[in-house]
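Trainee: I am sharing start_26.cif, which consists of mmCIF, C-alpha atoms:
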data_run
loop_
_atom_site.label_atom_id
_atom_site.label_comp_id
_atom_site.auth_asym_id
_atom_site.auth_seq_id
_atom_site.Cartn_x
_atom_site.Cartn_y
_atom_site.Cartn_z
CA MET A 276 10.66 -13.84 -5.55
CA PRO A 277 13.20 -15.62 -7.85
CA ILE A 278 15.10 -16.75 -4.76
CA THR A 279 11.91 -18.28 -3.34
CA LEU A 280 11.16 -20.08 -6.63
CA ASN A 281 14.70 -21.44 -6.87
CA ARG A 282 14.48 -22.70 -3.33
CA ARG A 283 11.17 -24.42 -4.11
CA TRP A 284 12.65 -26.08 -7.18
CA ARG A 285 15.60 -27.33 -5.14
CA VAL A 286 13.24 -28.72 -2.51
CA LEU A 287 11.12 -30.42 -5.19
CA LEU A 288 14.19 -31.95 -6.87
CA ARG A 289 15.51 -33.15 -3.53
CA ARG A 290 12.19 -34.81 -2.68
CA HIS A 291 11.08 -36.08 -6.08
CA GLY A 292 14.05 -35.84 -8.47
CA PRO A 293 16.34 -38.63 -9.74
CA ALA A 294 18.49 -38.40 -6.61
CA SER A 295 15.54 -38.56 -4.20
CA ALA A 296 14.97 -41.48 -1.85
CA VAL A 297 11.91 -42.55 -3.84
CA TRP A 298 13.79 -42.73 -7.12
CA ARG A 299 16.82 -44.39 -5.55
CA ARG A 300 14.53 -47.10 -4.24
CA ARG A 301 12.86 -47.50 -7.63
CA ILE A 302 16.21 -47.77 -9.41
CA ALA A 303 17.45 -50.26 -6.81
CA MET A 304 14.34 -52.40 -7.24
CA GLY A 305 14.49 -52.29 -11.04
CA ALA A 306 18.20 -53.04 -11.30
CA GLY A 307 17.86 -55.67 -8.60
CA ALA A 308 15.01 -57.36 -10.48
CA VAL A 309 17.09 -57.65 -13.66
CA THR A 310 20.01 -59.06 -11.66
CA VAL A 311 17.70 -61.52 -9.89
CA GLY A 312 16.50 -62.85 -13.24
CA LEU A 313 20.07 -63.30 -14.46
CA ALA A 314 21.23 -64.83 -11.16
CA ALA A 315 18.32 -67.28 -11.13
CA LEU A 316 19.17 -68.47 -14.64
CA LEU A 317 22.86 -68.89 -13.79
CA PHE A 318 21.99 -70.72 -10.58
CA ALA A 319 19.58 -72.99 -12.49
CA ARG A 320 22.28 -73.84 -15.04
CA MET A 321 24.79 -74.65 -12.29
CA ALA A 322 22.25 -76.77 -10.42
CA ASP A 323 21.26 -78.72 -13.54
CA GLU A 324 24.89 -79.42 -14.42
CA ALA A 325 25.58 -80.61 -10.87
CA SER A 326 22.58 -82.95 -10.98
CA ARG A 327 23.65 -84.36 -14.35
CA ALA A 328 27.21 -84.90 -13.12
CA PHE A 329 26.04 -86.87 -10.09
CA SER A 330 23.54 -88.89 -12.15
CA ALA A 331 26.34 -89.87 -14.53
CA VAL A 332 28.50 -91.08 -11.64
CA ALA A 333 25.61 -92.95 -10.00
CA ALA A 334 24.74 -94.64 -13.31
CA SER A 335 28.30 -95.81 -14.03
CA HIS A 336 29.28 -96.66 -10.44
CA HIS A 337 26.14 -97.89 -8.72
CA TYR A 338 27.46 -98.09 -5.14
CA TRP A 339 29.74 -95.04 -5.10
CA PRO A 340 26.95 -92.83 -3.70
CA LEU A 341 27.13 -94.87 -0.48
CA VAL A 342 30.49 -93.15 0.04
CA ILE A 343 30.09 -89.87 -1.86
CA THR A 344 26.73 -88.84 -0.41
CA PRO A 345 27.38 -89.31 3.34
CA LEU A 346 30.84 -87.74 3.16
CA GLY A 347 29.49 -84.90 1.04
CA PHE A 348 26.70 -84.26 3.54
CA ALA A 349 29.20 -84.17 6.41
CA ALA A 350 31.58 -81.82 4.56
CA ILE A 351 28.82 -79.41 3.53
CA ALA A 352 27.33 -79.39 7.03
CA ALA A 353 30.75 -78.66 8.55
CA LEU A 354 31.50 -75.85 6.08
CA THR A 355 28.05 -74.33 6.49
CA ARG A 356 28.36 -74.36 10.26
CA LEU A 357 31.89 -72.93 10.10
CA VAL A 358 31.60 -70.13 7.54
CA ALA A 359 27.89 -69.39 6.97
CA PRO A 360 25.34 -70.84 9.42
CA GLU A 361 22.73 -68.52 7.92
CA ALA A 362 23.00 -70.43 4.61
CA ALA A 363 21.57 -73.64 6.12
CA GLY A 364 18.20 -75.00 5.10
CA SER A 365 15.73 -73.75 2.53
CA GLY A 366 16.29 -70.00 2.52
CA ILE A 367 12.62 -69.07 2.65
CA PRO A 368 12.46 -69.09 6.48
CA GLN A 369 15.45 -66.72 6.54
CA VAL A 370 13.64 -64.30 4.23
CA ILE A 371 10.44 -64.47 6.30
CA ALA A 372 12.48 -63.69 9.41
CA ALA A 373 14.40 -60.94 7.59
CA ALA A 374 11.19 -59.11 6.67
CA HIS A 375 10.60 -58.49 10.39
CA ASP A 376 13.95 -56.78 10.99
CA VAL A 377 15.47 -55.67 7.70
CA LYS A 378 18.49 -53.75 9.01
CA LYS A 379 19.84 -56.59 11.14
CA ALA A 380 18.98 -59.20 8.51
CA ALA A 381 20.92 -57.28 5.85
CA ARG A 382 24.10 -57.98 7.83
CA ILE A 383 23.33 -61.62 8.62
CA LEU A 384 20.54 -63.58 6.95
CA ILE A 385 20.43 -61.88 3.55
CA SER A 386 23.96 -60.58 3.18
CA LEU A 387 25.87 -61.00 -0.08
CA LYS A 388 28.07 -63.58 1.64
CA ALA A 389 25.03 -65.61 2.69
CA GLY A 390 23.60 -65.47 -0.82
CA LEU A 391 26.77 -66.53 -2.63
CA LEU A 392 27.54 -69.36 -0.21
CA LYS A 393 23.92 -70.50 -0.35
CA CYS A 394 24.35 -70.93 -4.11
CA LEU A 395 27.64 -72.80 -3.83
CA PHE A 396 26.52 -75.09 -1.01
CA THR A 397 23.24 -75.97 -2.76
CA VAL A 398 25.14 -76.88 -5.95
CA ALA A 399 27.54 -78.94 -3.83
CA ALA A 400 24.56 -80.72 -2.24
CA LEU A 401 23.22 -81.62 -5.70
CA LEU A 402 26.69 -82.89 -6.62
CA CYS A 403 26.34 -85.30 -3.69
CA GLY A 404 22.88 -86.50 -4.71
CA ALA A 405 20.98 -84.64 -1.99
CA SER A 406 17.21 -84.37 -2.43
CA VAL A 407 17.12 -80.57 -2.60
CA GLY A 408 15.72 -77.92 -4.90
CA ARG A 409 17.10 -74.57 -5.99
CA GLU A 410 13.89 -72.55 -5.61
CA GLY A 411 14.12 -71.87 -1.86
CA PRO A 412 17.80 -70.89 -2.10
CA THR A 413 16.96 -68.63 -5.06
CA VAL A 414 14.57 -66.75 -2.76
CA GLN A 415 17.35 -66.04 -0.25
CA VAL A 416 19.86 -65.19 -2.99
CA SER A 417 17.36 -62.79 -4.58
CA ALA A 418 16.71 -61.03 -1.28
CA ALA A 419 20.48 -60.67 -0.84
CA VAL A 420 20.77 -59.11 -4.32
CA MET A 421 18.12 -56.54 -3.41
CA THR A 422 19.98 -55.75 -0.19
CA VAL A 423 23.20 -55.04 -2.09
CA TYR A 424 21.50 -52.64 -4.54
CA HIS A 425 19.76 -50.77 -1.75
CA ARG A 426 23.01 -50.40 0.17
CA VAL A 427 24.98 -49.23 -2.88
CA LEU A 428 22.33 -46.69 -3.91
CA ARG A 429 21.70 -45.66 -0.29
CA ALA A 430 18.00 -46.34 -0.75
CA PRO A 431 15.76 -46.79 2.29
CA MET A 432 15.50 -50.49 3.18
CA ARG A 433 12.02 -51.78 3.91
CA SER A 434 10.39 -55.15 4.30
CA SER A 435 8.80 -54.63 0.87
CA MET A 436 12.28 -54.86 -0.66
CA ILE A 437 12.82 -58.25 0.99
CA ILE A 438 9.40 -59.44 -0.14
CA ALA A 439 9.99 -58.29 -3.70
CA GLY A 440 13.42 -59.88 -3.91
CA GLY A 441 12.32 -63.21 -2.47
CA ALA A 442 9.18 -63.46 -4.56
CA ALA A 443 11.07 -62.42 -7.69
CA GLY A 444 13.31 -65.41 -7.02
CA VAL A 445 10.30 -67.75 -7.18
CA ALA A 446 9.11 -66.10 -10.39
CA ALA A 447 12.51 -66.48 -12.05
CA ALA A 448 13.25 -69.98 -10.71
CA PHE A 449 10.06 -71.55 -12.08
CA ASN A 450 9.58 -69.07 -14.96
CA THR A 451 6.21 -68.32 -13.35
CA PRO A 452 5.70 -64.59 -12.65
CA LEU A 453 2.16 -64.96 -11.27
CA ALA A 454 3.36 -67.56 -8.78
CA GLY A 455 5.89 -65.01 -7.53
CA VAL A 456 3.09 -62.53 -6.84
CA THR A 457 0.97 -65.08 -4.98
CA PHE A 458 4.01 -66.26 -3.01
CA ALA A 459 4.61 -62.67 -1.86
CA ILE A 460 1.04 -62.42 -0.63
CA GLU A 461 0.64 -65.88 0.93
CA GLU A 462 4.01 -66.64 2.47
CA LEU A 463 5.21 -63.13 3.33
CA ALA A 464 1.85 -61.55 4.17
CA ASP A 465 2.78 -60.63 7.75
CA ALA A 466 5.14 -57.95 6.48
CA TYR A 467 3.30 -57.00 3.30
CA GLU A 468 3.02 -53.25 2.74
CA GLN A 469 -0.02 -52.39 0.65
CA ARG A 470 1.24 -48.94 -0.28
CA VAL A 471 4.15 -50.40 -2.21
CA ALA A 472 2.23 -53.32 -3.73
CA LEU A 473 2.68 -51.99 -7.27
CA LEU A 474 6.45 -51.63 -6.82
CA VAL A 475 6.71 -55.14 -5.40
CA MET A 476 4.71 -56.68 -8.24
CA THR A 477 6.64 -54.71 -10.85
CA THR A 478 9.91 -56.05 -9.45
CA ILE A 479 8.60 -59.62 -9.54
CA LEU A 480 7.38 -59.26 -13.12
CA ILE A 481 10.66 -57.69 -14.30
CA ALA A 482 12.61 -60.66 -12.90
CA GLY A 483 10.16 -63.04 -14.57
CA VAL A 484 10.41 -61.24 -17.91
CA VAL A 485 14.24 -61.33 -17.80
CA SER A 486 14.15 -65.07 -17.13
CA LEU A 487 11.54 -65.58 -19.85
CA GLY A 488 13.44 -63.48 -22.37
CA LEU A 489 16.74 -65.32 -21.92
CA SER A 490 15.53 -68.87 -21.38
CA GLY A 491 12.61 -68.80 -23.79
CA ASP A 492 8.94 -69.52 -23.22
CA TYR A 493 9.53 -72.96 -21.80
CA ILE A 494 6.98 -74.81 -19.65
CA TYR A 495 8.71 -76.18 -16.56
CA PHE A 496 6.98 -79.58 -16.48
CA GLY A 497 5.73 -79.64 -20.06
CA VAL A 498 2.26 -78.85 -21.41
CA VAL A 499 -0.70 -80.74 -19.94
CA GLY A 500 -3.75 -80.08 -22.07
CA GLN A 501 -6.09 -82.55 -20.39
CA THR A 502 -9.32 -81.55 -18.66
CA MET A 503 -11.71 -83.33 -16.29
CA ASN A 504 -15.50 -83.46 -16.28
CA VAL A 505 -17.48 -82.71 -13.14
CA GLY A 506 -17.88 -86.36 -12.22
CA ALA A 507 -14.13 -87.00 -12.43
CA VAL A 508 -13.38 -83.89 -10.39
CA LEU A 509 -15.77 -84.93 -7.63
CA ARG A 510 -14.22 -88.42 -7.58
CA VAL A 511 -10.53 -87.57 -7.71
CA ALA A 512 -10.03 -84.12 -6.14
CA PRO A 513 -11.36 -84.99 -2.64
CA VAL A 514 -9.26 -88.16 -2.46
CA ALA A 515 -6.17 -86.29 -3.71
CA GLY A 516 -6.83 -83.47 -1.23
CA VAL A 517 -7.17 -85.77 1.76
CA LEU A 518 -4.13 -87.92 0.89
CA GLY A 519 -2.02 -84.90 -0.05
CA GLY A 520 -3.02 -83.04 3.09
CA LEU A 521 -2.24 -86.02 5.32
CA THR A 522 1.14 -86.83 3.79
CA GLY A 523 2.18 -83.20 3.28
CA GLY A 524 1.13 -82.30 6.81
CA LEU A 525 3.08 -85.29 8.10
CA PHE A 526 6.18 -84.05 6.29
CA ALA A 527 5.77 -80.55 7.74
CA ARG A 528 5.24 -81.93 11.24
CA ALA A 529 8.28 -84.17 10.94
CA MET A 530 10.39 -81.23 9.74
CA LEU A 531 9.30 -78.96 12.59
CA GLY A 532 9.72 -81.71 15.18
CA ALA A 533 12.99 -83.16 13.91
CA GLY A 534 15.16 -81.15 16.31
CA ALA A 535 13.11 -82.03 19.39
CA ALA A 536 12.93 -85.70 18.37
CA LYS A 537 16.70 -85.84 17.93
CA ARG A 538 17.28 -84.30 21.36
CA ARG A 539 14.87 -86.76 22.96
CA TRP A 540 15.78 -90.01 21.22
CA LEU A 541 19.35 -89.39 20.05
CA PRO A 542 20.78 -86.89 22.57
CA PHE A 543 24.39 -87.84 21.80
CA LEU A 544 23.89 -86.44 18.27
CA ASP A 545 22.45 -83.12 19.40
CA LYS A 546 25.88 -81.51 19.73
CA ARG A 547 27.36 -83.40 16.77
CA PRO A 548 25.74 -81.84 13.68
CA VAL A 549 28.40 -83.11 11.29
CA LEU A 550 27.94 -86.71 12.43
CA TRP A 551 24.17 -86.24 12.19
CA ALA A 552 24.53 -84.93 8.63
CA LEU A 553 26.68 -87.95 7.73
CA ILE A 554 23.97 -90.31 9.07
CA CYS A 555 21.29 -88.43 7.12
CA GLY A 556 23.49 -88.64 4.02
CA LEU A 557 23.83 -92.38 4.48
CA ALA A 558 20.03 -92.68 4.62
CA VAL A 559 19.68 -90.65 1.41
CA ALA A 560 22.35 -92.77 -0.27
CA ALA A 561 20.71 -96.03 0.80
CA ILE A 562 17.33 -94.93 -0.56
CA GLY A 563 18.91 -93.65 -3.78
CA VAL A 564 20.96 -96.78 -4.42
CA ALA A 565 17.98 -99.03 -3.68
CA THR A 566 15.59 -97.11 -5.96
CA GLY A 567 17.80 -95.25 -8.44
CA LEU A 568 15.09 -92.56 -8.69
CA THR A 569 15.30 -90.26 -5.69
CA TRP A 570 18.48 -88.28 -6.34
CA GLY A 571 18.45 -84.50 -6.65
CA THR A 572 15.40 -82.38 -7.37
CA GLY A 573 13.33 -85.22 -8.81
CA TYR A 574 12.43 -83.04 -11.78
CA SER A 575 13.05 -85.72 -14.43
CA ALA A 576 11.01 -88.34 -12.60
CA ALA A 577 8.15 -85.90 -12.02
CA ARG A 578 8.03 -84.85 -15.66
CA ALA A 579 8.11 -88.48 -16.81
CA ILE A 580 5.19 -89.35 -14.50
CA ILE A 581 3.18 -86.38 -15.78
CA ASP A 582 3.88 -87.49 -19.35
CA GLY A 583 2.42 -90.92 -18.59
CA THR A 584 5.36 -93.07 -17.54
CA ASN A 585 4.31 -95.77 -15.10
CA ALA A 586 6.17 -95.13 -11.86
CA PRO A 587 6.53 -97.74 -9.11
CA TRP A 588 4.14 -97.19 -6.20
CA TRP A 589 7.04 -96.66 -3.82
CA PHE A 590 8.51 -93.66 -5.65
CA GLY A 591 6.46 -91.13 -3.66
CA PRO A 592 7.28 -92.63 -0.23
CA ALA A 593 10.95 -93.03 -1.19
CA LYS A 594 11.22 -89.40 -2.33
CA PHE A 595 9.41 -88.35 0.85
CA GLY A 596 12.04 -90.14 2.97
CA SER A 597 14.98 -88.86 0.92
CA THR A 598 13.78 -85.25 1.09
CA LEU A 599 13.05 -85.46 4.82
CA ALA A 600 16.49 -86.94 5.54
CA THR A 601 18.19 -84.24 3.46
CA ALA A 602 16.27 -81.42 5.14
CA ALA A 603 16.79 -82.87 8.61
CA GLY A 604 20.53 -82.98 7.92
CA GLY A 605 20.50 -79.17 7.74
CA LEU A 606 22.01 -78.92 4.26
CA PRO A 607 21.48 -75.75 2.22
CA GLY A 608 18.77 -76.44 -0.31
CA GLY A 609 15.06 -76.07 -0.86
CA ILE A 610 12.10 -78.43 -0.75
CA PHE A 611 9.94 -76.92 -3.53
CA ALA A 612 11.03 -79.18 -6.39
CA PRO A 613 11.47 -82.34 -4.26
CA SER A 614 7.96 -81.78 -2.83
CA LEU A 615 6.51 -81.48 -6.32
CA ALA A 616 8.33 -84.70 -7.26
CA THR A 617 6.92 -86.44 -4.17
CA GLY A 618 3.49 -85.15 -5.14
CA SER A 619 3.91 -86.64 -8.59
CA GLY A 620 4.54 -89.98 -6.87
CA LEU A 621 1.26 -89.56 -5.01
CA GLY A 622 -0.34 -88.71 -8.35
CA ALA A 623 1.04 -91.95 -9.83
CA ILE A 624 -0.72 -93.90 -7.06
CA LEU A 625 -3.94 -91.97 -7.69
CA ARG A 626 -3.66 -92.79 -11.39
CA VAL A 627 -3.80 -96.49 -10.49
CA ILE A 628 -6.83 -95.90 -8.28
CA PHE A 629 -8.61 -93.90 -11.00
CA PRO A 630 -7.46 -95.57 -14.24
CA ASP A 631 -10.38 -94.30 -16.33
CA ASP A 632 -9.68 -90.61 -15.70
CA PRO A 633 -7.11 -88.45 -17.58
CA GLY A 634 -3.74 -89.61 -16.23
CA GLY A 635 -1.81 -86.34 -16.47
CA ALA A 636 -4.60 -84.39 -14.79
CA VAL A 637 -4.81 -86.91 -11.96
CA VAL A 638 -1.06 -86.61 -11.37
CA LEU A 639 -1.31 -82.81 -11.19
CA LEU A 640 -4.03 -83.09 -8.56
CA GLY A 641 -1.70 -85.25 -6.49
CA MET A 642 1.13 -82.77 -6.92
CA VAL A 643 -0.88 -79.71 -5.93
CA ALA A 644 -2.44 -81.51 -2.97
CA TYR A 645 0.84 -82.75 -1.53
CA PHE A 646 2.66 -79.45 -2.12
CA THR A 647 -0.19 -77.58 -0.43
CA GLY A 648 -0.09 -80.03 2.45
CA VAL A 649 3.60 -79.26 2.96
CA VAL A 650 3.69 -75.46 2.66
CA ARG A 651 0.01 -74.56 3.31
CA ALA A 652 -0.06 -71.99 0.51
CA PRO A 653 -2.87 -73.23 -1.77
CA LEU A 654 -2.96 -70.23 -4.10
CA THR A 655 0.80 -70.38 -4.74
CA ALA A 656 0.61 -74.15 -5.23
CA VAL A 657 -2.16 -73.92 -7.82
CA ILE A 658 -0.55 -71.05 -9.74
CA ILE A 659 2.83 -72.81 -9.84
CA ILE A 660 1.25 -75.98 -11.22
CA VAL A 661 -0.89 -74.09 -13.75
CA GLU A 662 2.00 -71.95 -15.01
CA ALA A 663 4.49 -74.83 -14.94
CA THR A 664 2.23 -77.11 -17.01
CA ALA A 665 0.01 -74.65 -18.96
CA SER A 666 -2.96 -76.55 -17.51
CA ARG A 667 -5.42 -73.65 -17.32
CA GLY A 668 -8.34 -75.99 -17.94
CA LEU A 669 -7.65 -77.64 -14.57
CA ILE A 670 -7.69 -74.52 -12.38
CA LEU A 671 -10.95 -75.34 -10.59
CA PRO A 672 -10.10 -79.02 -9.90
CA LEU A 673 -6.66 -77.98 -8.68
CA PHE A 674 -8.16 -75.37 -6.35
CA LEU A 675 -10.59 -77.91 -4.93
CA ALA A 676 -7.82 -80.41 -4.21
CA ALA A 677 -5.57 -77.67 -2.78
CA LEU A 678 -8.23 -76.26 -0.44
CA ILE A 679 -9.09 -79.72 0.89
CA ALA A 680 -5.39 -80.49 1.36
CA HIS A 681 -4.90 -77.18 3.19
CA ALA A 682 -7.69 -77.99 5.64
CA VAL A 683 -6.51 -81.55 6.24
CA SER A 684 -2.87 -80.53 6.64
CA ALA A 685 -3.86 -77.96 9.29
CA LEU A 686 -5.31 -80.82 11.35
CA VAL A 687 -2.06 -82.80 11.11
CA CYS A 688 0.36 -79.89 11.65
CA LYS A 689 -1.00 -76.79 13.37
CA GLU A 690 1.90 -74.51 12.41
CA ARG A 691 2.77 -73.55 8.84
CA LEU A 692 6.11 -75.05 7.87
CA TYR A 693 8.09 -72.02 6.70
CA HIS A 694 6.83 -69.80 9.51
CA GLY A 695 7.76 -72.43 12.05
CA LEU A 696 11.22 -72.78 10.55
CA ALA A 697 11.58 -68.98 10.52
CA ARG A 698 11.17 -68.71 14.31
CA PRO A 699 14.78 -69.61 15.24
CA TRP A 700 16.08 -67.12 12.68
CA ARG A 701 13.88 -64.39 14.12
CA GLU A 702 15.17 -65.22 17.59
CA LYS A 703 18.72 -65.04 16.27
CA LEU A 704 18.08 -61.59 14.85
CA ALA A 705 16.47 -60.45 18.09
CA GLY A 706 19.50 -61.62 20.07
CA SER A 707 22.11 -60.18 17.71
CA GLY A 708 21.89 -56.72 19.25
#
Step by step, read the file and then write its structure as structure tokens.
Mentor:
Amino acid sequence: MPITLNRRWRVLLRRHGPASAVWRRRIAMGAGAVTVGLAALLFARMADEASRAFSAVAASHHYWPLVITPLGFAAIAALTRLVAPEAAGSGIPQVIAAAHDVKKAARILISLKAGLLKCLFTVAALLCGASVGREGPTVQVSAAVMTVYHRVLRAPMRSSMIIAGGAAGVAAAFNTPLAGVTFAIEELADAYEQRVALLVMTTILIAGVVSLGLSGDYIYFGVVGQTMNVGAVLRVAPVAGVLGGLTGGLFARAMLGAGAAKRRWLPFLDKRPVLWALICGLAVAAIGVATGLTWGTGYSAARAIIDGTNAPWWFGPAKFGSTLATAAGGLPGGIFAPSLATGSGLGAILRVIFPDDPGGAVVLLGMVAYFTGVVRAPLTAVIIIVEATASRGLILPLFLAALIAHAVSALVCKERLYHGLARPWREKLAGSG
């Protein structure tokens, strides 16, 4: 009898004790979430310093970017292609692809090497004035962090771990935990495992709390306390939704078709990615030098427009072109922040069209509509804007604009951007053996 009881206790400890697979996974997720929050803050600090350094150079030497930016693009493209091809682009498509084959992806798309180089190359891109954001790269870096903890602790690796890591990156990057949860559901839904939903959400919230605790309760774009009456909502939201859906869908379609268009119209550049990156860098530099407003993430310009600064009508189109050229060049870096900045430019145009309505609220409708048009994730778009501006009184108008933009964008570009960009990475995993 005692022998039987001892054996049962050993079995129970092995299955449910601190050394069990369940607890190893929980420890890996918890420790990974804390590390993700710290890594996101460090990455944000590096990215901000890089942006400030380039802005200082561009302000004191107006035409230097015409040399620095194209050469920087070419050098980063060459290094990325040589040492870490998996670090190219946003990072979100890699994570979407990784969730379909976790074991292979852990060696390639979300390895520690890929994560570290993604960070360094994105910071280098900002040092060159590229129109990139750090949010997409943070998603890939965060997934890589989770992979490391699961390997070290010998915890079972599942797609839920990838989802949790990537979404925790969004939560920490924007200081918006709820947006991380909605991102996990909307963008990574194909691989979402309901039975581990609580663990995934806990991981996201831990990363958000770490970021919040260390960086303070800051509001990413500043507080917008304005509201809109029903008449204003019915005037502005449909127009914002249609324009945002059209322009955002056009950006997504251009991104997905850039490779095919290059092969058709510029076939001599198809096998010369470094030369192509240099040309894209020259386009970014030309736009930046001509406008002085389109460098980097566009965060400062977006916040100024939200606060009421009158922006030139061409800011939105110029940021659109700069971001598209940067992304088409294949540089590591995300499009979240640049898309929000482009959306603020659309909002500035809407503010001219609707001068009698609350200016800050109108700008936010433009931002949420354009961002939704690009990524086709209306819930994530609304939650990011609401958390990043504390504009809870605008939730319903923002949802209306986002849903209209989603429908219009689907007419312009049938395929969702990140899922379309994830297809080559999935094919690479499938062919890696």
Trainee: Going by the chain IDs and residue numbers used in this file, which residues fall under the PyMOL selection byres ((chain A and resi 566) around 10)? Write them as a PyMOL selection string.
Mentor: chain A and resi 560-565+567-570+587+589-590+593-594
Trainee: Between A:Ala362, A:Cys403, A:Leu678, A:Val498, which residue has the minimum interatomic distance to Leu557 of chain A, considering only C-alpha atoms?
Mentor: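 Closest candidate: A:Cys403.
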Trainee: Skipping near chain neighbours, those fewer than 5 positions away, what residues fall within 12 Å of segment 351-354 of chain A using all atoms listed in the file, listed as a PyMOL selection string?
Mentor: chain A and resi 343-346+359-364+392-393+395-403+405+547-556+601-608
Trainee: Quick one: pull the distance between atom CA of Ala586 of chain A and atom CA of Leu654 of chain A, Å, one decimal.
Mentor: 27.6 Å
Trainee: Enter the distance from atom CA of Leu316 of chain A to atom CA of Ala656 of chain A, in Å, rounded to one decimal.
Mentor: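 For atom CA of Leu316 of chain A relative to atom CA of Ala656 of chain A, the distance reads 21.6 Å.
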Trainee: Would you be able to write out as a PyMOL selection string which residues have an atom within 8 Å of (5.7, -87.7, -6.8) in the file's coordinates, counting only C-alpha atoms?
Mentor: chain A and resi 576-577+580+590-591+594+614-623+641-642
Trainee: Quick one: which residues end up in the PyMOL selection byres ((chain A and resi 657) around 10) for this structure, as number ranges by chain?
Mentor: A: 454, 457, 639-640, 642-644, 646-647, 652-656, 658-663, 669-678
Trainee: Do you know which residues are at most 9 Å from Gly305 of chain A counting all atoms listed in the file, after dropping those on the same chain fewer than 6 positions away, and could you put them as an mmCIF file with C-alpha atoms, in the coordinates of the input?
Mentor:
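Okay, this is what ended up in result-v4.cif:
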data_model
loop_
_atom_site.group_PDB
_atom_site.id
_atom_site.type_symbol
_atom_site.label_atom_id
_atom_site.label_comp_id
_atom_site.auth_asym_id
_atom_site.auth_seq_id
_atom_site.Cartn_x
_atom_site.Cartn_y
_atom_site.Cartn_z
ATOM 1 C CA THR A 477 6.640 -54.710 -10.850
ATOM 2 C CA THR A 478 9.910 -56.050 -9.450
ATOM 3 C CA ILE A 481 10.660 -57.690 -14.300
ATOM 4 C CA ALA A 482 12.610 -60.660 -12.900
#
Trainee: Using the chain letters and numbering of this document, enumerate as an MDAnalysis selection string the residues selected by the PyMOL selection byres ((chain A and resi 300) around 9).
Mentor: chainID A and resid 295:299 301:305 424:425 428:432 436
Trainee: Give the answer as one residue: which of A:Leu599, A:Val649, A:Val416, A:Val687 has the shortest atom-to-atom distance to Gly312 of chain A, using all atoms listed in the file?
Mentor: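 Of A:Leu599, A:Val649, A:Val416, A:Val687, the one nearest Gly312 of chain A, counting all atoms listed in the file, is A:Val416.
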Trainee: Could you check how far atom CA of Leu692 of chain A sits from atom CA of Ala418 of chain A, in Å to one decimal?
Mentor: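 According to the coordinates, atom CA of Leu692 of chain A and atom CA of Ala418 of chain A are separated by 19.8 Å.
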Trainee: Find the residue from A:His681, A:Arg578, A:Arg426, A:Arg356 that sits nearest to Val377 of chain A; use all atoms listed in the file when measuring.
Mentor: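 Checking each of A:His681, A:Arg578, A:Arg426, A:Arg356 against Val377 of chain A, counting all atoms listed in the file, the winner is A:Arg426.
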Trainee: Between A:Arg510, A:Arg538, A:Lys546, A:Lys689, which is the closest to Pro630 of chain A once you count all atoms listed in the file?
Mentor: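 Of A:Arg510, A:Arg538, A:Lys546, A:Lys689, the one nearest Pro630 of chain A, counting all atoms listed in the file, is A:Arg510.
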Trainee: For a quick check of understanding, using all atoms listed in the file, which of A:Val407, A:Val342, A:Ala515, A:Ile438 has the smallest distance to Ala600 of chain A?
Mentor: A:Val407
Trainee: From the options A:Asn450, A:Ser406, A:Pro633, A:Ile383, which residue's atoms come nearest to Asn504 of chain A, counting only C-alpha atoms?
Mentor: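 Looking only at the distances to Asn504 of chain A, the closest residue turns out to be A:Pro633.
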Trainee: Name the residues in contact with Leu525 of chain A at a cut-off of 9 Å, using all atoms listed in the file, excluding same-chain residues fewer than 4 positions from it; report them as a PyMOL selection string.
Mentor: chain A and resi 520-521+529-530+648-649+684+687-688
